[in-house]
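This is target_32.txt. It holds compact mmCIF, C-alpha atoms.
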```txt
# COMPACT_ATOMS: atom_id res chain seq x y z
CA MET A 525 44.66 -0.63 23.60
CA ASN A 526 41.06 0.56 22.90
CA LEU A 527 40.50 4.06 24.25
CA TYR A 528 36.92 4.39 22.88
CA THR A 529 34.20 4.67 25.52
CA ALA A 530 30.56 4.20 24.53
CA PRO A 531 28.32 7.14 25.53
CA ASP A 532 25.72 6.73 28.22
CA PRO A 533 22.26 6.15 26.59
CA ASP A 534 20.71 8.51 29.13
CA SER A 535 22.82 11.34 27.75
CA ILE A 536 21.18 11.12 24.29
CA GLU A 537 18.38 13.67 23.82
CA ARG A 538 14.95 12.13 23.26
CA LEU A 539 12.92 14.02 20.67
CA SER A 540 9.17 14.37 21.07
CA VAL A 541 7.87 13.32 17.65
CA GLU A 542 5.34 10.90 16.23
CA PRO A 543 5.68 9.19 12.83
CA VAL A 544 2.99 10.71 10.67
CA ASN A 545 2.86 7.80 8.25
CA ALA A 546 3.16 5.00 10.76
CA ARG A 547 1.05 1.98 9.90
CA ARG A 548 -0.94 2.33 13.10
CA ASN A 549 -1.87 5.91 12.16
CA ARG A 550 -2.44 5.41 8.44
CA GLN A 551 -5.94 6.17 7.19
CA PRO A 552 -7.61 4.72 4.09
CA LEU A 553 -6.75 6.58 0.90
CA TYR A 554 -10.46 7.00 0.13
CA ALA A 555 -12.80 7.21 3.08
CA PRO A 556 -16.34 5.81 2.70
CA ARG A 557 -18.79 8.37 1.35
CA LYS A 558 -21.00 10.09 3.85
CA LYS A 559 -24.33 10.80 2.21
CA VAL A 560 -25.37 14.41 1.77
CA PHE A 561 -29.08 15.22 1.96
CA PRO A 562 -29.37 18.82 0.74
CA LYS A 563 -32.51 20.66 1.76
CA ARG A 564 -34.42 22.54 -0.90
CA ALA A 565 -33.55 26.23 -0.87
CA GLU A 566 -35.76 29.17 -1.77
CA GLY A 567 -34.48 32.51 -2.98
CA ARG A 568 -33.08 34.52 -5.87
CA PHE A 569 -30.01 32.36 -6.42
CA ARG A 570 -32.07 29.18 -6.38
CA GLN A 571 -34.43 30.73 -8.94
CA PHE A 572 -31.46 31.68 -11.09
CA LYS A 573 -30.19 28.10 -10.91
CA TRP A 574 -33.63 26.85 -12.04
CA ILE A 575 -33.46 29.17 -15.06
CA VAL A 576 -29.93 28.08 -15.96
CA MET A 577 -30.88 24.42 -15.57
CA LEU A 578 -33.91 24.76 -17.84
CA VAL A 579 -31.98 26.71 -20.48
CA THR A 580 -28.96 24.37 -20.56
CA LEU A 581 -31.01 21.17 -20.54
CA GLY A 582 -33.34 22.61 -23.17
CA ILE A 583 -30.42 23.43 -25.45
CA TYR A 584 -28.83 20.01 -24.98
CA TYR A 585 -31.96 17.93 -25.55
CA LEU A 586 -33.66 20.04 -28.23
CA ALA A 587 -30.79 21.42 -30.34
CA PRO A 588 -30.44 18.29 -32.57
CA TRP A 589 -34.08 18.62 -33.62
CA ILE A 590 -33.76 22.16 -34.97
CA ARG A 591 -33.98 22.23 -38.78
CA TRP A 592 -31.97 24.53 -41.10
CA ASP A 593 -32.50 24.68 -44.86
CA ARG A 594 -29.19 24.45 -46.72
CA GLY A 595 -30.64 23.63 -50.10
CA PRO A 596 -30.60 20.33 -52.01
CA TYR A 597 -28.03 17.58 -51.28
CA ALA A 598 -27.16 19.08 -47.89
CA PRO A 599 -28.37 18.01 -44.43
CA ASP A 600 -31.15 20.11 -42.95
CA GLN A 601 -30.11 19.62 -39.31
CA ALA A 602 -29.01 22.91 -37.73
CA ILE A 603 -26.24 21.38 -35.58
CA LEU A 604 -24.62 18.29 -37.04
CA ILE A 605 -21.21 16.63 -36.72
CA ASP A 606 -21.11 14.62 -39.94
CA LEU A 607 -18.15 12.28 -39.41
CA SER A 608 -18.70 10.30 -42.60
CA SER A 609 -18.42 13.45 -44.74
CA ARG A 610 -15.91 15.07 -42.37
CA ARG A 611 -17.94 18.22 -41.94
CA PHE A 612 -19.36 20.16 -39.02
CA PHE A 613 -22.57 22.14 -39.53
CA PHE A 614 -23.64 24.89 -37.15
CA PHE A 615 -26.64 26.75 -38.58
CA PHE A 616 -25.20 28.82 -41.47
CA ILE A 617 -21.58 27.81 -40.69
CA GLU A 618 -19.93 24.84 -42.37
CA ILE A 619 -16.48 23.72 -41.19
CA TRP A 620 -14.26 21.29 -43.10
CA PRO A 621 -11.31 19.35 -41.59
CA GLN A 622 -8.74 21.82 -42.94
CA GLU A 623 -10.66 24.60 -41.16
CA PHE A 624 -10.66 22.92 -37.77
CA TYR A 625 -8.39 25.62 -36.40
CA TYR A 626 -11.57 27.69 -36.04
CA VAL A 627 -12.90 25.14 -33.54
CA ALA A 628 -9.52 25.06 -31.80
CA GLY A 629 -9.64 28.84 -31.53
CA LEU A 630 -13.13 28.70 -30.03
CA LEU A 631 -11.95 26.15 -27.46
CA VAL A 632 -9.02 28.38 -26.51
CA MET A 633 -11.37 31.36 -26.16
CA ALA A 634 -13.71 29.27 -24.02
CA GLY A 635 -10.79 28.31 -21.77
CA PHE A 636 -9.75 31.93 -21.32
CA GLY A 637 -13.38 32.84 -20.73
CA LEU A 638 -13.56 30.28 -17.94
CA PHE A 639 -10.42 31.73 -16.36
CA LEU A 640 -11.87 35.25 -16.63
CA VAL A 641 -15.19 34.25 -15.06
CA THR A 642 -13.40 32.48 -12.20
CA SER A 643 -11.14 35.43 -11.47
CA ALA A 644 -14.14 37.79 -11.44
CA VAL A 645 -16.95 35.86 -9.74
CA GLY A 646 -15.34 32.68 -8.42
CA ARG A 647 -16.60 29.26 -9.43
CA ALA A 648 -19.75 30.53 -11.13
CA TRP A 649 -19.34 27.91 -13.86
CA CYS A 650 -19.25 25.13 -11.26
CA GLY A 651 -22.18 26.47 -9.29
CA TYR A 652 -24.58 27.11 -12.16
CA ALA A 653 -23.66 25.79 -15.62
CA CYS A 654 -21.34 22.80 -15.15
CA PRO A 655 -23.00 19.63 -16.55
CA GLN A 656 -22.32 17.83 -13.27
CA THR A 657 -24.16 20.54 -11.33
CA VAL A 658 -27.05 20.71 -13.79
CA TRP A 659 -27.66 16.95 -13.88
CA VAL A 660 -27.30 16.59 -10.09
CA ASP A 661 -29.94 19.31 -9.70
CA LEU A 662 -32.17 17.39 -12.11
CA PHE A 663 -31.67 14.14 -10.21
CA LEU A 664 -32.41 15.91 -6.92
CA VAL A 665 -35.70 17.19 -8.36
CA VAL A 666 -36.69 13.57 -9.02
CA GLU A 667 -35.48 12.45 -5.60
CA ARG A 668 -37.39 15.15 -3.73
CA ALA A 669 -40.56 14.50 -5.73
CA ILE A 670 -40.52 10.80 -4.77
CA GLU A 671 -38.90 10.68 -1.32
CA GLY A 672 -39.58 14.16 0.06
CA ASP A 673 -37.29 16.88 1.34
CA ARG A 674 -34.21 16.48 3.52
CA ASN A 675 -35.75 15.15 6.75
CA ALA A 676 -37.99 12.70 4.90
CA ARG A 677 -35.08 11.38 2.84
CA MET A 678 -32.88 10.95 5.89
CA LYS A 679 -35.67 9.11 7.70
CA LEU A 680 -36.27 6.87 4.69
CA ASP A 681 -32.56 6.13 4.32
CA ALA A 682 -32.27 5.07 7.98
CA ALA A 683 -35.49 3.02 7.93
CA PRO A 684 -35.33 -0.77 7.49
CA LEU A 685 -36.17 -2.20 4.12
CA SER A 686 -39.92 -2.33 3.50
CA PHE A 687 -42.24 -2.48 0.52
CA ALA A 688 -42.84 1.29 0.61
CA LYS A 689 -39.10 2.04 0.75
CA LEU A 690 -38.33 -0.46 -2.01
CA ARG A 691 -41.07 0.96 -4.20
CA LYS A 692 -39.78 4.53 -3.84
CA ARG A 693 -36.20 3.48 -4.52
CA VAL A 694 -37.15 1.47 -7.61
CA VAL A 695 -39.20 4.34 -9.03
CA LYS A 696 -36.44 6.86 -8.31
CA HIS A 697 -33.65 4.84 -9.85
CA SER A 698 -35.81 3.90 -12.84
CA ILE A 699 -36.42 7.58 -13.60
CA TRP A 700 -32.72 8.28 -13.15
CA LEU A 701 -31.91 5.57 -15.69
CA LEU A 702 -34.46 7.04 -18.11
CA ILE A 703 -32.77 10.42 -17.75
CA GLY A 704 -29.46 8.70 -18.48
CA VAL A 705 -30.91 7.07 -21.60
CA ALA A 706 -32.29 10.42 -22.77
CA THR A 707 -28.90 12.02 -22.14
CA GLY A 708 -27.05 9.38 -24.17
CA GLY A 709 -29.67 9.46 -26.89
CA ALA A 710 -29.49 13.22 -27.23
CA TRP A 711 -25.71 13.04 -27.59
CA ILE A 712 -25.71 10.65 -30.56
CA PHE A 713 -28.36 12.77 -32.32
CA TYR A 714 -25.68 15.39 -32.88
CA PHE A 715 -23.78 12.93 -35.12
CA ALA A 716 -26.60 11.85 -37.47
CA ASP A 717 -29.99 12.97 -38.70
CA ALA A 718 -31.94 13.02 -35.43
CA PRO A 719 -35.41 11.89 -36.66
CA SER A 720 -33.99 9.05 -38.76
CA LEU A 721 -31.65 7.85 -36.00
CA PHE A 722 -34.45 8.03 -33.45
CA VAL A 723 -36.57 5.62 -35.53
CA SER A 724 -33.58 3.34 -36.13
CA LEU A 725 -32.85 3.09 -32.41
CA PHE A 726 -36.29 1.71 -31.64
CA THR A 727 -36.45 -0.58 -34.67
CA GLY A 728 -33.07 -2.15 -33.99
CA HIS A 729 -31.45 -0.87 -37.20
CA ALA A 730 -29.12 1.71 -35.65
CA PRO A 731 -25.34 1.11 -35.84
CA PRO A 732 -23.80 -0.83 -32.93
CA ALA A 733 -21.72 2.24 -32.06
CA ALA A 734 -24.94 4.16 -31.38
CA TYR A 735 -26.22 1.59 -28.89
CA ALA A 736 -22.79 1.37 -27.23
CA THR A 737 -22.59 5.15 -26.88
CA VAL A 738 -26.06 5.36 -25.37
CA ALA A 739 -25.21 2.57 -22.91
CA ILE A 740 -21.95 4.22 -21.82
CA LEU A 741 -23.49 7.67 -21.38
CA THR A 742 -26.49 6.21 -19.56
CA ALA A 743 -24.15 4.52 -17.08
CA THR A 744 -21.95 7.58 -16.57
CA THR A 745 -24.92 9.93 -16.16
CA TYR A 746 -26.57 7.58 -13.67
CA VAL A 747 -23.40 6.98 -11.63
CA LEU A 748 -21.97 10.52 -11.67
CA GLY A 749 -25.23 12.43 -11.27
CA GLY A 750 -27.20 10.04 -9.10
CA LEU A 751 -24.72 8.09 -6.99
CA MET A 752 -21.43 10.00 -6.73
CA ARG A 753 -22.67 13.58 -6.89
CA GLU A 754 -20.41 15.81 -4.78
CA GLN A 755 -17.57 13.28 -4.95
CA VAL A 756 -17.12 14.09 -8.63
CA CYS A 757 -16.46 17.75 -7.78
CA THR A 758 -14.19 16.90 -4.84
CA TYR A 759 -12.09 14.02 -6.16
CA MET A 760 -12.45 13.80 -9.95
CA CYS A 761 -12.60 17.40 -11.15
CA PRO A 762 -9.24 19.24 -11.29
CA TRP A 763 -10.80 22.70 -11.24
CA PRO A 764 -11.10 23.04 -7.40
CA ARG A 765 -7.35 22.67 -7.18
CA ILE A 766 -6.72 25.17 -9.99
CA GLN A 767 -9.17 27.89 -8.97
CA GLY A 768 -6.96 29.16 -6.14
CA ALA A 769 -4.49 30.47 -8.72
CA MET A 770 -7.30 32.37 -10.47
CA LEU A 771 -8.57 34.32 -7.45
CA ASP A 772 -7.28 37.53 -5.93
CA GLU A 773 -8.50 40.08 -3.39
CA ASN A 774 -11.00 41.51 -5.90
CA SER A 775 -12.70 38.21 -6.83
CA LEU A 776 -16.29 37.76 -5.73
CA VAL A 777 -16.75 34.63 -3.62
CA VAL A 778 -19.39 33.40 -1.22
CA THR A 779 -18.28 34.71 2.16
CA TYR A 780 -19.46 34.33 5.75
CA ASN A 781 -19.02 37.72 7.40
CA ASP A 782 -17.82 36.52 10.78
CA TRP A 783 -17.19 40.10 11.91
CA ARG A 784 -20.96 40.35 11.99
CA GLY A 785 -21.98 36.79 12.84
CA GLU A 786 -19.70 35.97 15.77
CA GLN A 787 -20.16 35.11 18.54
CA ARG A 788 -22.85 32.64 17.53
CA SER A 789 -25.65 32.00 19.98
CA ARG A 790 -29.00 30.26 19.84
CA HIS A 791 -30.02 32.09 23.02
CA THR A 792 -29.35 35.69 22.06
CA LYS A 793 -31.49 37.36 24.71
CA LYS A 794 -29.98 35.34 27.56
CA ALA A 795 -26.47 36.07 26.32
CA GLN A 796 -27.19 39.78 25.99
CA ALA A 797 -28.67 39.82 29.49
CA LYS A 798 -25.40 38.41 30.81
CA GLY A 799 -23.42 41.03 28.91
CA LEU A 800 -21.84 38.54 26.54
CA PRO A 801 -20.94 39.56 22.95
CA VAL A 802 -23.51 38.18 20.50
CA GLY A 803 -23.42 38.16 16.70
CA ASP A 804 -26.22 37.83 14.17
CA CYS A 805 -25.58 34.13 13.52
CA ILE A 806 -27.93 32.03 15.64
CA ASP A 807 -26.18 28.78 14.64
CA CYS A 808 -29.29 27.38 12.97
CA ASN A 809 -27.20 25.49 10.37
CA ALA A 810 -29.61 26.42 7.58
CA CYS A 811 -26.62 27.22 5.37
CA VAL A 812 -25.21 23.74 5.95
CA ALA A 813 -28.53 21.98 5.33
CA VAL A 814 -28.96 23.41 1.81
CA CYS A 815 -25.35 22.91 0.69
CA PRO A 816 -25.14 20.20 -2.01
CA MET A 817 -21.46 19.72 -1.14
CA GLY A 818 -22.12 19.17 2.56
CA ILE A 819 -19.75 21.89 3.82
CA ASP A 820 -20.09 24.72 6.33
CA ILE A 821 -19.32 28.05 4.64
CA ARG A 822 -18.73 29.55 8.09
CA ASP A 823 -15.42 27.67 8.14
CA GLY A 824 -14.22 29.91 5.31
CA GLN A 825 -13.45 29.27 1.65
CA GLN A 826 -12.97 25.59 0.93
CA MET A 827 -11.92 23.53 -2.06
CA GLU A 828 -15.32 21.77 -2.12
CA CYS A 829 -17.37 24.99 -2.38
CA ILE A 830 -18.84 25.35 -5.87
CA THR A 831 -20.15 28.88 -5.21
CA CYS A 832 -23.78 27.94 -5.88
CA ALA A 833 -24.86 30.59 -3.30
CA LEU A 834 -27.70 28.48 -1.91
CA CYS A 835 -26.30 29.16 1.56
CA ILE A 836 -26.91 32.87 0.89
CA ASP A 837 -30.58 32.19 0.15
CA ALA A 838 -30.95 30.07 3.29
CA CYS A 839 -29.26 32.64 5.54
CA ASP A 840 -31.16 35.57 4.03
CA GLY A 841 -34.42 33.73 4.78
CA VAL A 842 -33.41 33.34 8.42
CA MET A 843 -32.37 36.98 8.67
CA ASP A 844 -35.76 38.03 7.25
CA LYS A 845 -37.53 36.01 9.95
CA LEU A 846 -35.40 37.62 12.64
CA GLY A 847 -35.92 41.11 11.26
CA LYS A 848 -32.20 41.60 10.64
CA LEU A 849 -30.29 42.86 7.63
CA ARG A 850 -29.49 40.38 4.89
CA GLY A 851 -25.91 39.67 3.92
CA LEU A 852 -24.54 37.68 6.84
CA ILE A 853 -23.48 35.29 4.08
CA ALA A 854 -22.98 37.15 0.81
CA TYR A 855 -20.94 37.49 -2.33
CA ALA A 856 -17.98 39.64 -1.32
CA THR A 857 -14.34 40.23 -2.25
CA LEU A 858 -11.46 39.82 0.15
CA SER A 859 -10.81 43.57 0.07
CA GLU A 860 -14.47 44.31 0.92
CA TYR A 861 -14.41 41.75 3.71
CA SER A 862 -11.25 43.26 5.23
CA SER A 863 -12.58 46.83 5.09
CA ASN A 864 -15.95 45.83 6.56
CA MET A 865 -14.24 43.90 9.34
CA SER A 866 -12.14 46.96 10.15
CA LEU A 867 -15.23 49.16 10.25
CA ALA A 868 -17.01 46.64 12.46
CA THR A 869 -14.09 46.65 14.87
CA ASP A 870 -13.92 50.46 15.00
CA GLU A 871 -17.57 51.43 14.92
CA GLY A 872 -19.60 48.32 15.82
CA ARG A 873 -21.70 45.99 13.71
CA THR A 874 -24.56 48.45 13.19
CA ALA A 875 -22.30 50.80 11.24
CA VAL A 876 -21.58 48.26 8.51
CA GLN A 877 -24.00 47.46 5.72
CA PRO A 878 -24.14 43.98 4.14
CA SER A 879 -23.03 43.31 0.61
CA ARG A 880 -25.51 44.36 -2.08
CA VAL A 881 -24.88 41.24 -4.14
```
How does this structure look as structure tokens?
Amino acid sequence: MNLYTAPDPDSIERLSVEPVNARRNRQPLYAPRKKVFPKRAEGRFRQFKWIVMLVTLGIYYLAPWIRWDRGPYAPDQAILIDLSSRRFFFFFIEIWPQEFYYVAGLLVMAGFGLFLVTSAVGRAWCGYACPQTVWVDLFLVVERAIEGDRNARMKLDAAPLSFAKLRKRVVKHSIWLLIGVATGGAWIFYFADAPSLFVSLFTGHAPPAAYATVAILTATTYVLGGLMREQVCTYMCPWPRIQGAMLDENSLVVTYNDWRGEQRSRHTKKAQAKGLPVGDCIDCNACVAVCPMGIDIRDGQQMECITCALCIDACDGVMDKLGKLRGLIAYATLSEYSSNMSLATDEGRTAVQPSRV
């Protein structure tokens, strides 16, 4: 005799839950790129970036051509990686294979230096001296010179294909490719006598490895600096995911001081007349327009932010026009931000001064 009685289905609790990874909800692993059209910024941080770009590019392109007299039977190139003789020359320093631990030591010191810089001033390397940042800035200079600033580029991108649009695009991409060729050419000059190799390249007598290296570096420079841009920093570079472990409450990062900026309003006088709380941010989106990563710093610290500080320049320019104090967006530490927010809550916005950075 079977004494088992099946339970009533209505007595079973129904849980309110949706399958996160259901096929109907699944999104593509890589979404299509949305183009970013950064507006040209003006200010002290932009000027500093120009200086860093000129210095770094100057060192990279010109260093192989510097001569250094080492006497007879020795190369006179100041910086030379002589693979055939297994020697590395750096001005008055000569390193042999058995002394390579010196180079390893320098690399370790450079790594610790990068960690130190990040813990002190955030992603300063990414925002100013990273090769990806420097070459993207260079490519943007070419793009702005040919197609105009942000609004003009957006209008051109949305316009139907025409002779004028095709001409601008061909000129722009041709210059980008020339920059890529110069980048690849400069790299191989570090591995052989630069003047001799330069002549060999154009006479067809250079080694096949030289032409292959130039071709590869031309392609990578063109694709990474001209086409992918911010995607390299977001998806390919591991540093955004590591930097969080390097920061603490005393690290300087680009910060939107929402204790001063909120509530945002484009109609400040009307809001004040109605007795509504109004902050200094007028929601002009100037900080978003200049960002090469296409983010809004007012949403807080984000993985994509490279700490280039162009949003600070843009916001300071708006504050100057409004006759308000600079520093609505500024370099600040978490401890400074917390103390300023507490002061703003206790004493009002006028009692708090912006960051001096």
Problem - Selected residue of minimal separation from Leu867 in chain A among A:Ser609, A:Gly672, A:Arg784, A:Cys839, counting all atoms listed in the file - result: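 Closest to Leu867 in chain A, using all atoms listed in the file: A:Arg784.
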Problem - Within 12 Å of Asp820 in chain A using only C-alpha atoms, minus same-chain residues under 6 positions, as a PyMOL selection string - result: chain A and resi 778-780+807-814+826-829+834-836+853
Save the residues we just selected, C-alpha atoms, as a PDB file, keeping the file's coordinate frame?
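To be explicit, this is the file written out as result.pdb:
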```pdb
ATOM      1  CA  VAL A 778     -19.390  33.400  -1.220  1.00  0.00           C
ATOM      2  CA  THR A 779     -18.280  34.710   2.160  1.00  0.00           C
ATOM      3  CA  TYR A 780     -19.460  34.330   5.750  1.00  0.00           C
ATOM      4  CA  ASP A 807     -26.180  28.780  14.640  1.00  0.00           C
ATOM      5  CA  CYS A 808     -29.290  27.380  12.970  1.00  0.00           C
ATOM      6  CA  ASN A 809     -27.200  25.490  10.370  1.00  0.00           C
ATOM      7  CA  ALA A 810     -29.610  26.420   7.580  1.00  0.00           C
ATOM      8  CA  CYS A 811     -26.620  27.220   5.370  1.00  0.00           C
ATOM      9  CA  VAL A 812     -25.210  23.740   5.950  1.00  0.00           C
ATOM     10  CA  ALA A 813     -28.530  21.980   5.330  1.00  0.00           C
ATOM     11  CA  VAL A 814     -28.960  23.410   1.810  1.00  0.00           C
ATOM     12  CA  GLN A 826     -12.970  25.590   0.930  1.00  0.00           C
ATOM     13  CA  MET A 827     -11.920  23.530  -2.060  1.00  0.00           C
ATOM     14  CA  GLU A 828     -15.320  21.770  -2.120  1.00  0.00           C
ATOM     15  CA  CYS A 829     -17.370  24.990  -2.380  1.00  0.00           C
ATOM     16  CA  LEU A 834     -27.700  28.480  -1.910  1.00  0.00           C
ATOM     17  CA  CYS A 835     -26.300  29.160   1.560  1.00  0.00           C
ATOM     18  CA  ILE A 836     -26.910  32.870   0.890  1.00  0.00           C
ATOM     19  CA  ILE A 853     -23.480  35.290   4.080  1.00  0.00           C
TER      20      ILE A 853
END
```
Handout entry: Å distance separating CA of Arg668 in chain A from CA of Val695 in chain A, one decimal place
Key = 12.2 Å
Practice task
Using all atoms listed in the file, determine which residues lie at most 10 Å from range 736-743 of chain A, disregarding the query and same-chain residues fewer than 3 positions distant; provide the list as a ChimeraX atom specification.
Solution key: /A:700-712,731-733,746-749
Problem - Nearest residue to Ile575 in chain A from the set A:Tyr652, A:Val723, A:Ala769, A:Val666 (distances using only C-alpha atoms) - result: A:Tyr652
Exercise for the section: Give me, please, the distance in Å between CA of Met843 in chain A and CA of Val560 in chain A, quoted to one decimal. Expected result: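 Here the two named atoms are 24.6 Å from each other.
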Completion exercise
Between A:Gly750, A:Pro562, A:Val579, A:Leu771, smallest distance to Ile819 in chain A by all atoms listed in the file belongs to A:Pro562
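With only C-alpha atoms as the atoms that count, the residue of A:Leu849, A:Ala716, A:Ala644, A:Cys832 with the shortest distance to Arg611 in chain A is A:Ala716.
Minimum atom-to-atom distance to Arg557 in chain A, evaluated using only C-alpha atoms, belongs to A:Arg753 out of A:Arg753, A:Lys794, A:Arg850, A:Lys679.
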Practice task
Could you check how far CA of Lys689 in chain A sits from CA of Thr657 in chain A, in Å to one decimal?
Solution key: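 Distance between the two atoms: 26.7 Å.
Residue neighbourhood of range 596-605 of chain A, excluding near-sequence residues (fewer than 5 positions): Ile590, Arg591, Phe612, Phe613, Phe614, Phe615, Tyr714 and Phe715 of chain A, at 6 Å, using all atoms listed in the file.
Nearest residue to Val665 in chain A, choosing from A:Ala565, A:Val632, A:Ser643, A:Asp844 and counting all atoms listed in the file: A:Ala565.
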Practice task
Extract, using only C-alpha atoms, all DNA, RNA and protein residues at most 10 Å from Arg691 in chain A, discarding same-chain residues fewer than 5 positions from it, and format them as JSON, numbers by chain.
Solution key: {"A": [670, 686, 696]}
